[in-house]
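*Asks:* See data.txt below, with compact mmCIF, C-alpha atoms.
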# COMPACT_ATOMS: atom_id res chain seq x y z
CA MET A 30 -58.61 5.09 10.35
CA SER A 31 -58.05 8.74 11.25
CA ASP A 32 -56.00 11.27 9.29
CA PRO A 33 -52.37 11.57 10.43
CA THR A 34 -51.31 14.44 12.69
CA THR A 35 -47.87 15.94 12.03
CA LEU A 36 -45.71 15.98 15.18
CA ALA A 37 -42.48 17.32 13.64
CA THR A 38 -41.10 18.06 10.19
CA GLY A 39 -37.50 18.05 8.99
CA ARG A 40 -36.01 18.67 5.55
CA PHE A 41 -36.94 15.24 4.18
CA LEU A 42 -39.15 13.50 6.75
CA SER A 43 -42.11 14.15 8.99
CA LEU A 44 -42.93 12.36 12.20
CA VAL A 45 -46.66 11.78 12.26
CA SER A 46 -49.18 10.10 14.52
CA ARG A 47 -52.24 8.13 13.45
CA ASP A 48 -54.51 6.21 15.78
CA GLY A 49 -51.86 6.36 18.54
CA TRP A 50 -49.00 5.13 16.29
CA GLU A 51 -46.01 7.35 15.52
CA TYR A 52 -44.17 6.85 12.23
CA ALA A 53 -42.04 8.62 9.64
CA THR A 54 -43.23 9.73 6.23
CA ARG A 55 -41.27 11.31 3.39
CA THR A 56 -41.95 14.93 2.48
CA ASN A 57 -39.66 15.18 -0.54
CA ALA A 58 -40.60 12.26 -2.79
CA THR A 59 -43.55 10.47 -4.35
CA GLY A 60 -42.12 6.96 -4.06
CA VAL A 61 -39.11 4.68 -3.69
CA VAL A 62 -37.60 2.32 -6.27
CA ALA A 63 -35.03 -0.48 -6.13
CA VAL A 64 -33.37 -2.14 -9.11
CA VAL A 65 -32.18 -5.74 -9.31
CA ALA A 66 -29.67 -5.74 -12.16
CA VAL A 67 -27.68 -8.73 -13.42
CA THR A 68 -25.03 -8.43 -16.13
CA ASP A 69 -24.64 -10.79 -19.10
CA GLN A 70 -21.75 -12.34 -17.13
CA GLY A 71 -24.16 -13.39 -14.36
CA GLU A 72 -23.08 -10.71 -11.88
CA ILE A 73 -25.52 -8.87 -9.66
CA VAL A 74 -24.92 -5.13 -9.42
CA LEU A 75 -24.54 -3.97 -5.81
CA VAL A 76 -23.57 -0.65 -4.29
CA GLU A 77 -21.92 0.22 -1.00
CA GLN A 78 -22.23 3.50 0.80
CA HIS A 79 -21.92 4.98 4.27
CA ARG A 80 -25.30 5.33 5.96
CA PRO A 81 -25.26 7.69 8.98
CA PRO A 82 -28.33 6.14 10.70
CA VAL A 83 -26.46 2.83 11.10
CA GLY A 84 -23.02 4.41 11.51
CA GLY A 85 -21.20 2.66 8.71
CA PRO A 86 -21.12 1.15 5.24
CA VAL A 87 -24.08 -0.79 3.88
CA ILE A 88 -24.31 -3.11 0.85
CA GLU A 89 -27.44 -2.31 -1.16
CA ILE A 90 -29.01 -2.72 -4.57
CA PRO A 91 -29.29 0.51 -6.58
CA ALA A 92 -32.28 2.39 -5.19
CA GLY A 93 -33.62 5.83 -4.59
CA LEU A 94 -36.48 8.26 -4.45
CA VAL A 95 -39.03 9.07 -7.11
CA GLY A 96 -39.63 12.77 -7.74
CA ASP A 97 -37.13 14.06 -5.17
CA ASP A 98 -35.66 16.77 -7.42
CA PRO A 99 -37.91 19.85 -7.20
CA LEU A 100 -36.16 21.42 -10.21
CA ALA A 101 -36.74 18.43 -12.48
CA GLN A 102 -39.94 17.66 -14.31
CA SER A 103 -42.09 15.05 -12.62
CA GLU A 104 -40.86 11.52 -13.11
CA ASP A 105 -42.56 8.19 -12.77
CA ALA A 106 -41.18 5.17 -10.92
CA ILE A 107 -39.67 3.48 -13.97
CA GLU A 108 -37.84 6.69 -14.95
CA ALA A 109 -36.52 6.99 -11.40
CA ALA A 110 -35.37 3.35 -11.48
CA GLN A 111 -33.41 3.95 -14.71
CA ARG A 112 -31.92 7.16 -13.28
CA GLU A 113 -30.88 5.56 -9.99
CA LEU A 114 -29.29 2.55 -11.71
CA LEU A 115 -27.21 4.88 -13.87
CA GLU A 116 -26.35 7.42 -11.15
CA GLU A 117 -25.43 4.95 -8.44
CA ALA A 118 -23.99 2.03 -10.39
CA GLY A 119 -23.22 3.35 -13.88
CA PHE A 120 -25.45 0.78 -15.59
CA ALA A 121 -28.36 1.17 -17.97
CA ALA A 122 -31.06 -1.39 -18.67
CA ALA A 123 -32.87 -1.87 -21.95
CA VAL A 124 -35.90 -3.22 -20.07
CA LEU A 125 -37.17 -2.79 -16.53
CA LYS A 126 -39.95 -5.09 -15.33
CA HIS A 127 -41.94 -4.28 -12.22
CA ALA A 128 -41.44 -7.16 -9.79
CA GLY A 129 -43.57 -6.02 -6.86
CA ARG A 130 -44.15 -3.42 -4.18
CA PHE A 131 -43.13 -4.15 -0.60
CA VAL A 132 -43.28 -2.10 2.59
CA SER A 133 -39.84 -1.28 3.93
CA SER A 134 -40.47 -1.18 7.69
CA ALA A 135 -44.18 -1.21 8.52
CA GLY A 136 -43.70 -0.31 12.18
CA LEU A 137 -41.48 2.69 11.40
CA THR A 138 -42.66 4.23 8.12
CA ASP A 139 -45.46 4.27 5.55
CA GLU A 140 -42.83 3.83 2.80
CA ALA A 141 -43.22 1.14 0.15
CA VAL A 142 -40.54 0.18 -2.38
CA ASP A 143 -41.25 -0.67 -6.01
CA PHE A 144 -38.79 -3.34 -7.17
CA TYR A 145 -37.72 -3.63 -10.81
CA LEU A 146 -35.84 -6.45 -12.52
CA ALA A 147 -33.41 -5.01 -15.07
CA GLU A 148 -32.78 -6.82 -18.35
CA ASP A 149 -30.06 -6.30 -20.96
CA VAL A 150 -27.86 -4.42 -18.48
CA GLN A 151 -24.84 -2.57 -19.86
CA ARG A 152 -22.20 -0.47 -18.09
CA GLU A 153 -22.21 3.13 -19.31
CA THR A 154 -20.28 5.04 -16.63
CA ASP A 155 -18.34 4.38 -13.43
CA GLY A 156 -21.38 5.26 -11.30
CA GLY A 157 -20.63 6.41 -7.78
CA GLY A 158 -23.64 8.62 -7.18
CA VAL A 159 -24.30 12.32 -7.50
CA GLY A 160 -23.64 15.31 -5.27
CA ASN A 161 -22.05 14.24 -2.00
CA GLU A 162 -22.79 10.53 -2.48
CA GLN A 163 -19.69 8.36 -2.32
CA ILE A 164 -20.86 5.05 -3.68
CA THR A 165 -18.66 2.05 -4.42
CA VAL A 166 -20.00 -0.27 -7.12
CA HIS A 167 -19.61 -4.04 -6.79
CA THR A 168 -20.48 -6.69 -9.36
CA VAL A 169 -20.62 -10.15 -7.81
CA LEU A 170 -21.31 -13.47 -9.49
CA LEU A 171 -24.77 -14.68 -8.50
CA SER A 172 -23.26 -18.09 -7.75
CA GLN A 173 -21.00 -16.46 -5.14
CA VAL A 174 -23.17 -13.64 -3.81
CA HIS A 175 -24.28 -15.30 -0.56
CA ALA A 176 -20.68 -16.12 0.41
CA TRP A 177 -19.60 -12.60 -0.61
CA LEU A 178 -22.34 -11.03 1.52
CA ALA A 179 -21.44 -13.27 4.49
CA GLU A 180 -17.81 -12.14 4.22
CA ARG A 181 -18.86 -8.46 4.16
CA MET A 182 -20.99 -8.99 7.27
CA ARG A 183 -18.04 -10.74 8.97
CA LEU A 184 -16.03 -7.58 8.23
CA GLY A 185 -18.70 -5.44 9.94
CA ILE A 186 -20.37 -4.16 6.78
CA GLN A 187 -24.14 -4.25 7.02
CA VAL A 188 -26.43 -5.59 4.29
CA ASP A 189 -29.69 -3.89 3.40
CA SER A 190 -32.68 -6.23 3.40
CA LYS A 191 -33.60 -5.07 -0.12
CA VAL A 192 -30.61 -7.11 -1.36
CA LEU A 193 -32.18 -10.30 -0.05
CA THR A 194 -35.59 -9.30 -1.38
CA GLY A 195 -33.99 -8.66 -4.77
CA LEU A 196 -32.27 -12.06 -4.77
CA SER A 197 -35.57 -13.72 -3.88
CA LEU A 198 -37.33 -11.90 -6.72
CA LEU A 199 -34.59 -13.01 -9.14
CA GLU A 200 -35.02 -16.62 -8.05
CA ALA A 201 -38.80 -16.44 -8.43
CA HIS A 202 -38.42 -14.86 -11.88
CA SER A 203 -36.00 -17.58 -13.02
CA HIS A 204 -38.54 -20.26 -12.04
CA GLU A 205 -41.22 -18.51 -14.13
CA GLN A 206 -39.15 -18.74 -17.30
In structure tokens, how does this file's structure come out?

*Replies:*
Amino acid sequence: MSDPTTLATGRFLSLVSRDGWEYATRTNATGVVAVVAVTDQGEIVLVEQHRPPVGGPVIEIPAGLVGDDPLAQSEDAIEAAQRELLEEAGFAAAVLKHAGRFVSSAGLTDEAVDFYLAEDVQRETDGGGVGNEQITVHTVLLSQVHAWLAERMRLGIQVDSKVLTGLSLLEAHSHEQ
């Protein structure tokens, strides 16, 4: 495998080529995290925000970049997961367990996402994001989440595939216990 050649660079991404394949890579972060959080009431914590690349709102699990703040001290993935859960959704977790690393779109990017299962989840703030983020927080009973997601899709709201990955990880974790 050859080293990648940079074709173009923006503020946050580079378009690179390796062995004839063009793909995007992040220039402003060291990783990506996603948090699957369930409250004591059996509700999964979801967020909704407008995503310009798809032209509308998207239902997601709390997620974000590791080490994307150049003014902050370096952070590891678990610190980023705690931060993103609090910033986006207003929840904190006493325990975060690494549940796996999965590529997000292997034909488009070299990005991989580290998933964490949150335990002992408590609401601390309203959430909603930071800066110009305008995030709506949803808590949905796990027993109703598939119907709730189907209704959102019927309304034209897209669902990020990390939600389904997170639900699958929750199910696998429940079978282990």

*Asks:* Report, in Å with one decimal, the straight-line distance from atom CA of A:Val142 to atom CA of A:Ala121.

*Replies:*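 Value for the atom CA of A:Val142-atom CA of A:Ala121 distance: 19.8 Å.
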
*Asks:* Using all atoms listed in the file, which of A:Ile88, A:Ser190, A:Tyr145, A:Arg80 sits nearest A:Thr165?

*Replies:*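 Closest candidate: A:Ile88.
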
*Asks:* Can you measure atom CA of A:Ala128 to atom CA of A:Asp97 for me? One decimal in Å is fine.

*Replies:* 22.1 Å

*Asks:* Work out how far apart atom CA of A:Gly49 and atom CA of A:Ser31 are and give it in Å to one decimal.

*Replies:* 9.9 Å

*Asks:* Stretch 33-47 of chain A, all listed atoms, 6 Å padding on each side: what axis-aligned box centre and edge lengths in Å to one decimal come out, as JSON?

*Replies:*
{"center_x": -44.2, "center_y": 13.4, "center_z": 9.7, "size_x": 28.4, "size_y": 22.5, "size_z": 23.0}

*Asks:* Find, counting only C-alpha atoms, the residue in A:Arg55, A:Arg181, A:Arg112, A:His167 that gets nearest to A:Pro86.

*Replies:*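 Among the listed residues, the smallest separation from A:Pro86 belongs to A:Arg181.
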
*Asks:* Between A:Leu125, A:Ala92, A:Leu171, A:Val62, single out the one closest to A:Leu146, counting all atoms listed in the file.

*Replies:*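 So, comparing all the options, the nearest one is A:Leu125.
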
*Asks:* Within 8 Å of (-42.9, 14.2, 5.3), in the coordinates the file gives, what residues turn up when you count all atoms listed in the file, written out as a list in words?

*Replies:*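 Result, sorted by chain then residue number: Thr38, Gly39, Phe41, Leu42, Ser43, Leu44, Ala53, Thr54, Arg55, Thr56 and Asn57 of chain A.
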